[in-house]
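What follows is the content of coords35.csv (CSV, C-alpha atoms).
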```csv
chain,number,residue,atom,x,y,z
A,606,PRO,CA,-47.6,4.3,0.0
A,607,SER,CA,-50.1,5.6,2.6
A,608,TRP,CA,-53.1,5.6,0.2
A,609,LEU,CA,-52.6,1.9,-0.6
A,610,LYS,CA,-53.5,0.7,3.0
A,611,GLU,CA,-56.7,2.7,2.8
A,612,ALA,CA,-57.6,1.4,-0.7
A,613,CYS,CA,-57.0,-2.2,0.3
A,614,SER,CA,-58.6,-2.0,3.7
A,615,SER,CA,-62.0,-1.1,2.2
A,616,ASP,CA,-61.8,-3.7,-0.7
A,617,SER,CA,-58.8,-5.8,-1.5
A,618,LYS,CA,-60.3,-6.8,-4.8
A,619,SER,CA,-60.9,-3.2,-6.0
A,620,MET,CA,-59.1,-2.0,-9.1
A,621,GLU,CA,-57.2,0.6,-7.1
A,622,CYS,CA,-55.9,-1.9,-4.6
A,623,ARG,CA,-55.0,-4.5,-7.2
A,624,ASP,CA,-53.2,-1.9,-9.4
A,625,GLY,CA,-51.4,-0.5,-6.4
A,626,CYS,CA,-50.2,-3.9,-5.4
A,627,LYS,CA,-49.4,-5.2,-8.9
A,628,GLU,CA,-45.9,-3.9,-8.9
A,629,SER,CA,-45.1,-5.9,-5.8
A,630,ALA,CA,-47.1,-9.1,-6.8
A,631,CYS,CA,-43.9,-11.2,-6.9
A,632,CYS,CA,-43.7,-10.7,-3.1
A,633,GLY,CA,-46.7,-13.1,-3.0
A,634,GLY,CA,-44.5,-15.9,-4.4
A,635,LYS,CA,-46.8,-16.9,-7.3
A,636,ILE,CA,-45.4,-14.6,-9.9
A,637,GLY,CA,-41.7,-14.3,-10.7
A,638,CYS,CA,-40.0,-10.9,-10.1
A,639,GLY,CA,-38.0,-11.1,-13.4
A,640,GLU,CA,-35.1,-8.7,-13.1
A,641,VAL,CA,-36.8,-6.6,-10.4
A,642,VAL,CA,-35.3,-6.8,-7.0
A,643,ILE,CA,-37.6,-6.2,-4.1
A,644,SER,CA,-36.3,-6.3,-0.6
A,645,ALA,CA,-38.0,-8.3,2.1
A,646,ASP,CA,-38.7,-5.0,4.0
A,647,ILE,CA,-40.5,-3.5,1.0
A,648,CYS,CA,-42.5,-6.8,0.6
A,649,GLY,CA,-43.3,-6.6,4.3
A,650,GLN,CA,-44.7,-3.1,3.9
A,651,TYR,CA,-47.0,-4.2,1.1
A,652,VAL,CA,-48.2,-7.0,3.4
A,653,VAL,CA,-49.0,-4.4,6.1
A,654,ASP,CA,-50.8,-2.3,3.5
A,655,GLY,CA,-53.1,-5.3,2.7
A,656,CYS,CA,-51.7,-6.6,-0.6
A,657,MET,CA,-51.8,-10.3,0.1
A,658,ASP,CA,-55.4,-10.8,-1.3
A,659,ALA,CA,-54.7,-8.5,-4.2
A,660,TRP,CA,-51.6,-10.6,-5.1
A,661,GLU,CA,-53.8,-13.6,-5.3
A,662,SER,CA,-56.1,-11.8,-7.7
A,663,VAL,CA,-53.2,-10.6,-9.8
A,664,ALA,CA,-51.6,-14.1,-9.9
A,665,SER,CA,-54.9,-15.6,-10.9
A,666,GLU,CA,-55.4,-13.1,-13.7
A,667,GLU,CA,-51.9,-13.8,-15.0
A,668,GLU,CA,-52.4,-17.6,-14.9
A,669,ARG,CA,-55.7,-17.3,-16.8
A,670,GLY,CA,-54.2,-14.8,-19.2
A,671,GLU,CA,-56.8,-12.3,-18.2
A,672,SER,CA,-54.4,-9.5,-17.3
A,673,ASP,CA,-55.2,-6.6,-19.6
A,674,GLY,CA,-51.5,-5.6,-19.7
A,675,VAL,CA,-52.3,-2.0,-18.8
A,676,ASN,CA,-50.0,-0.4,-16.3
A,677,ARG,CA,-52.3,1.6,-14.1
A,678,VAL,CA,-50.8,4.2,-11.9
A,679,ARG,CA,-52.2,6.2,-9.0
A,680,ILE,CA,-52.0,9.9,-9.8
A,681,VAL,CA,-50.8,12.1,-6.9
A,682,ASP,CA,-51.9,15.7,-6.4
A,683,PRO,CA,-49.7,18.2,-8.3
A,684,PRO,CA,-47.5,20.6,-6.5
A,685,ALA,CA,-49.3,23.6,-5.1
A,686,ASN,CA,-47.3,26.0,-7.3
A,687,ILE,CA,-48.0,24.2,-10.6
A,688,MET,CA,-50.0,27.1,-11.9
A,689,SER,CA,-47.2,29.7,-11.4
A,690,LEU,CA,-44.6,27.3,-12.8
A,691,CYS,CA,-46.6,26.4,-15.9
A,692,LYS,CA,-47.8,29.9,-16.7
A,693,SER,CA,-44.4,31.5,-16.3
A,694,ALA,CA,-42.3,32.7,-19.2
A,695,LEU,CA,-39.0,31.8,-17.5
A,696,VAL,CA,-37.0,28.9,-18.9
A,697,LYS,CA,-36.2,27.6,-15.4
A,698,ASP,CA,-39.9,27.5,-14.6
A,699,GLU,CA,-40.6,25.8,-17.9
A,700,LEU,CA,-38.3,23.0,-16.8
A,701,ALA,CA,-39.8,23.0,-13.4
A,702,CYS,CA,-43.3,22.8,-14.9
A,703,ILE,CA,-42.3,19.7,-16.9
A,704,GLU,CA,-41.1,18.0,-13.7
A,705,ALA,CA,-44.3,19.2,-11.8
A,706,CYS,CA,-46.4,17.6,-14.6
A,707,ARG,CA,-44.4,14.3,-14.8
A,708,PRO,CA,-46.4,12.6,-11.9
A,709,GLY,CA,-49.6,13.1,-13.9
A,710,TYR,CA,-48.2,11.9,-17.2
A,711,CYS,CA,-50.5,8.8,-17.3
A,712,CYS,CA,-53.4,11.3,-17.7
A,713,TYR,CA,-52.0,12.4,-21.1
A,714,ASP,CA,-54.1,11.0,-23.9
A,715,GLY,CA,-51.1,10.6,-26.1
A,716,ASN,CA,-49.4,8.3,-23.6
A,717,ASP,CA,-49.4,4.6,-24.4
A,718,ASP,CA,-47.3,3.5,-21.3
A,719,CYS,CA,-49.9,3.7,-18.6
A,720,GLU,CA,-53.3,5.0,-17.5
A,721,PRO,CA,-54.5,6.5,-14.2
A,722,SER,CA,-56.2,4.3,-11.7
A,723,ASN,CA,-57.9,7.4,-10.3
A,724,LYS,CA,-58.8,9.4,-13.3
A,725,ASP,CA,-60.5,12.1,-11.3
A,726,ALA,CA,-57.1,13.2,-10.0
A,727,CYS,CA,-56.2,14.2,-13.6
A,728,ASN,CA,-58.4,17.2,-13.4
A,729,ALA,CA,-55.8,19.1,-11.3
A,730,TYR,CA,-53.2,18.6,-14.1
A,731,HIS,CA,-55.2,19.2,-17.3
A,732,GLY,CA,-55.2,23.0,-17.3
A,733,TYR,CA,-51.4,23.2,-17.1
A,734,CYS,CA,-49.8,20.1,-18.5
A,735,SER,CA,-50.8,19.5,-22.1
A,736,ASN,CA,-47.7,21.0,-23.5
A,737,PRO,CA,-45.3,19.6,-20.9
A,738,TRP,CA,-46.8,16.1,-21.3
A,739,HIS,CA,-46.2,16.4,-25.1
A,740,GLU,CA,-42.6,17.3,-24.3
A,741,ILE,CA,-42.3,14.3,-22.0
A,742,SER,CA,-43.7,12.0,-24.7
A,743,LEU,CA,-40.9,13.1,-27.0
A,744,GLU,CA,-38.2,12.1,-24.5
A,745,VAL,CA,-35.9,9.3,-25.5
A,746,THR,CA,-34.8,6.8,-23.0
A,747,ILE,CA,-31.4,5.2,-23.7
A,748,PRO,CA,-31.3,1.7,-22.4
A,749,ALA,CA,-28.5,0.5,-20.2
A,750,PRO,CA,-25.8,-1.4,-22.1
A,751,SER,CA,-25.8,-5.2,-21.8
A,752,ALA,CA,-23.5,-6.8,-19.3
A,753,ASP,CA,-21.3,-8.3,-22.0
A,754,ILE,CA,-20.8,-5.0,-23.9
A,755,ASP,CA,-17.1,-5.2,-23.4
A,756,VAL,CA,-16.9,-8.4,-25.4
A,757,TYR,CA,-18.4,-6.7,-28.4
A,758,CYS,CA,-16.6,-3.3,-28.0
A,759,GLN,CA,-13.0,-4.3,-27.2
A,760,GLY,CA,-11.8,-2.8,-30.4
A,761,GLY,CA,-13.5,0.5,-29.7
A,762,ILE,CA,-12.0,3.8,-28.9
```
If you took the structure in this file and wrote it as structure tokens, what would it be?
Amino acid sequence: PSWLKEACSSDSKSMECRDGCKESACCGGKIGCGEVVISADICGQYVVDGCMDAWESVASEEERGESDGVNRVRIVDPPANIMSLCKSALVKDELACIEACRPGYCCYDGNDDCEPSNKDACNAYHGYCSNPWHEISLEVTIPAPSADIDVYCQGGI
């Protein structure tokens, strides 16, 4: 992302740079990627953005058990029409409001999944997104079935 290069060029040890680079830390080779697949091109872009020093910091924290385990996310500006979408009584706009608020969900106090790395960006969402964020918090994510589901379900319908 374009903001990452700016964040890391001023201070590669800053919280914003480290949090922005954390998702790609396995590109640095010191942390395993688990089930995440990151292409060499994407890793290359993170190198260009200045993540190499940040990867060292993330790997060191992980090794020492100092990682706080919090998923910090950079909050982007909401769409320009968020006010009209979220103040409208139309059902189609209500659904569009939920989607407009989704990028700022980490600003929601009832959210346990993440927190914003740039909390000041949440101000643009707060006047419109309390109800949509509550709706998002109630969503249920159905996990993908395991690769061997056919072994267990051969007698199924």
Between CA of Arg623 in chain A and CA of Gln650 in chain A, distance in Å (one decimal): 15.2 Å
Long-range neighbours of Cys734 in chain A as a list of chain:residue names, 9 Å cut-off, only C-alpha atoms, 5 positions minimum in chain: A:Cys691, A:Cys702, A:Ile703, A:Ala705, A:Cys706, A:Arg707, A:Gly709, A:Tyr710, A:Tyr713, A:His739
Let's have the selection written as a short mmCIF file (atom, residue, chain, number, x, y, z; two decimals), in the frame of the given file, with C-alpha atoms.
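Below you can see result-v8.cif, which holds the result:
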```cif
data_model
loop_
_atom_site.label_atom_id
_atom_site.label_comp_id
_atom_site.auth_asym_id
_atom_site.auth_seq_id
_atom_site.Cartn_x
_atom_site.Cartn_y
_atom_site.Cartn_z
CA CYS A 691 -46.60 26.40 -15.90
CA CYS A 702 -43.30 22.80 -14.90
CA ILE A 703 -42.30 19.70 -16.90
CA ALA A 705 -44.30 19.20 -11.80
CA CYS A 706 -46.40 17.60 -14.60
CA ARG A 707 -44.40 14.30 -14.80
CA GLY A 709 -49.60 13.10 -13.90
CA TYR A 710 -48.20 11.90 -17.20
CA TYR A 713 -52.00 12.40 -21.10
CA HIS A 739 -46.20 16.40 -25.10
#
```
Considering all atoms listed in the file, state which residue in the set A:Gly634, A:Arg679, A:Cys648, A:Ser619 is at the smallest distance from Ser722 in chain A.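 The answer is A:Arg679, which sits nearest to Ser722 in chain A.
One distance worth recording is that between CA of Trp608 in chain A and CA of Asn686 in chain A, which is 22.5 Å.
Using all atoms listed in the file, the nearest neighbour of Pro684 in chain A within the list A:Ala729, A:Cys719, A:Val652, A:Lys697 is A:Ala729.
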Hey, can you check how far CA of Gly649 in chain A sits from CA of Glu661 in chain A? 15.9 Å
Between A:Ala752, A:Val663, A:Ile747, A:Met620, which one has atoms that come closest to Pro721 in chain A, using only C-alpha atoms?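 Selected residue with least distance to Pro721 in chain A: A:Met620.
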Could you please give me, as a ChimeraX atom specification, the residues of protein, DNA or RNA lying at most 8 Å from (-55.3, 7.2, -9.9) in the coordinate frame of the file, considering only C-alpha atoms? /A:621,677-681,721-727
Surrounding residues of Asp646 in chain A excluding itself and chain neighbours under 6 positions, 12 Å, only C-alpha atoms, as a list in words: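 Within the cut-off, the hits are Ser629, Cys632, Val652 and Val653 of chain A.
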So, with all atoms listed in the file as the atoms that count, which of A:Met688, A:Cys656, A:Asp682, A:Ile754 lies closest to Ser614 in chain A? A:Cys656
So, with all atoms listed in the file as the atoms that count, which of A:Cys758, A:Ala645, A:Leu690, A:Ala612 lies closest to Cys631 in chain A?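 So, comparing all the options, the nearest one is A:Ala645.
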When distances are computed from all atoms listed in the file, which of A:Ile687, A:Cys711, A:Leu695, A:Val745 shows the smallest separation from Tyr733 in chain A? A:Ile687
So which residues touch Asp658 in chain A within 8 Å, counting all atoms listed in the file, skipping near sequence neighbours fewer than 4 positions away, as a list in words?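 Once the nearby chain positions are removed, what remains is Ser617, Lys618 and Ser662 of chain A.
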Could range 721-732 of chain A be completed with all heavy atoms and written as a compact mmCIF listing (two decimals), in the frame of the given file, please?
```txt
# COMPACT_ATOMS: atom_id res chain seq x y z
N PRO A 721 -54.23 6.24 -15.66
CA PRO A 721 -54.50 6.50 -14.20
C PRO A 721 -55.50 5.54 -13.65
O PRO A 721 -56.49 5.21 -14.30
CB PRO A 721 -55.00 7.93 -14.21
CG PRO A 721 -55.55 8.16 -15.58
CD PRO A 721 -54.76 7.30 -16.51
N SER A 722 -55.25 5.10 -12.43
CA SER A 722 -56.20 4.30 -11.70
C SER A 722 -57.28 5.15 -11.06
O SER A 722 -58.36 4.69 -10.74
CB SER A 722 -55.56 3.35 -10.71
OG SER A 722 -54.92 4.10 -9.71
N ASN A 723 -56.94 6.41 -10.85
CA ASN A 723 -57.90 7.40 -10.30
C ASN A 723 -57.99 8.58 -11.19
O ASN A 723 -57.41 9.63 -10.96
CB ASN A 723 -57.39 7.79 -8.86
CG ASN A 723 -55.98 8.31 -8.83
OD1 ASN A 723 -55.14 7.96 -9.68
ND2 ASN A 723 -55.67 9.17 -7.88
N LYS A 724 -58.74 8.43 -12.25
CA LYS A 724 -58.80 9.40 -13.30
C LYS A 724 -59.28 10.79 -12.85
O LYS A 724 -58.91 11.79 -13.45
CB LYS A 724 -59.76 8.92 -14.43
CG LYS A 724 -59.19 7.74 -15.17
CD LYS A 724 -60.09 7.27 -16.28
CE LYS A 724 -59.57 5.98 -16.80
NZ LYS A 724 -59.40 5.81 -18.14
N ASP A 725 -60.06 10.85 -11.79
CA ASP A 725 -60.50 12.10 -11.30
C ASP A 725 -59.36 13.03 -10.85
O ASP A 725 -59.45 14.26 -10.90
CB ASP A 725 -61.53 11.97 -10.17
CG ASP A 725 -61.00 11.15 -9.01
OD1 ASP A 725 -60.22 10.21 -9.24
OD2 ASP A 725 -61.38 11.44 -7.85
N ALA A 726 -58.24 12.43 -10.44
CA ALA A 726 -57.10 13.20 -10.00
C ALA A 726 -56.43 13.95 -11.19
O ALA A 726 -55.68 14.91 -10.99
CB ALA A 726 -56.05 12.31 -9.35
N CYS A 727 -56.73 13.54 -12.42
CA CYS A 727 -56.20 14.20 -13.60
C CYS A 727 -56.66 15.60 -13.79
O CYS A 727 -55.98 16.43 -14.41
CB CYS A 727 -56.47 13.36 -14.84
SG CYS A 727 -55.69 11.74 -14.85
N ASN A 728 -57.83 15.90 -13.26
CA ASN A 728 -58.40 17.20 -13.40
C ASN A 728 -57.48 18.34 -12.95
O ASN A 728 -57.43 19.42 -13.53
CB ASN A 728 -59.75 17.34 -12.71
CG ASN A 728 -60.78 16.41 -13.31
OD1 ASN A 728 -60.69 16.02 -14.47
ND2 ASN A 728 -61.76 16.03 -12.50
N ALA A 729 -56.73 18.08 -11.89
CA ALA A 729 -55.80 19.10 -11.30
C ALA A 729 -54.64 19.37 -12.26
O ALA A 729 -53.99 20.40 -12.14
CB ALA A 729 -55.33 18.64 -9.97
N TYR A 730 -54.36 18.48 -13.19
CA TYR A 730 -53.20 18.60 -14.10
C TYR A 730 -53.65 19.22 -15.46
O TYR A 730 -52.86 19.90 -16.11
CB TYR A 730 -52.57 17.28 -14.37
CG TYR A 730 -51.74 16.75 -13.24
CD1 TYR A 730 -52.29 15.89 -12.29
CD2 TYR A 730 -50.40 17.09 -13.11
CE1 TYR A 730 -51.54 15.37 -11.26
CE2 TYR A 730 -49.63 16.58 -12.07
CZ TYR A 730 -50.21 15.73 -11.15
OH TYR A 730 -49.45 15.22 -10.13
N HIS A 731 -54.85 18.90 -15.91
CA HIS A 731 -55.20 19.20 -17.30
C HIS A 731 -55.08 20.64 -17.73
O HIS A 731 -54.71 20.89 -18.87
CB HIS A 731 -56.64 18.68 -17.59
CG HIS A 731 -56.68 17.22 -17.90
ND1 HIS A 731 -56.06 16.67 -18.99
CD2 HIS A 731 -57.24 16.19 -17.23
CE1 HIS A 731 -56.24 15.37 -19.00
NE2 HIS A 731 -56.94 15.04 -17.95
N GLY A 732 -55.33 21.58 -16.89
CA GLY A 732 -55.20 23.00 -17.30
C GLY A 732 -53.82 23.48 -17.52
O GLY A 732 -53.62 24.52 -18.14
```
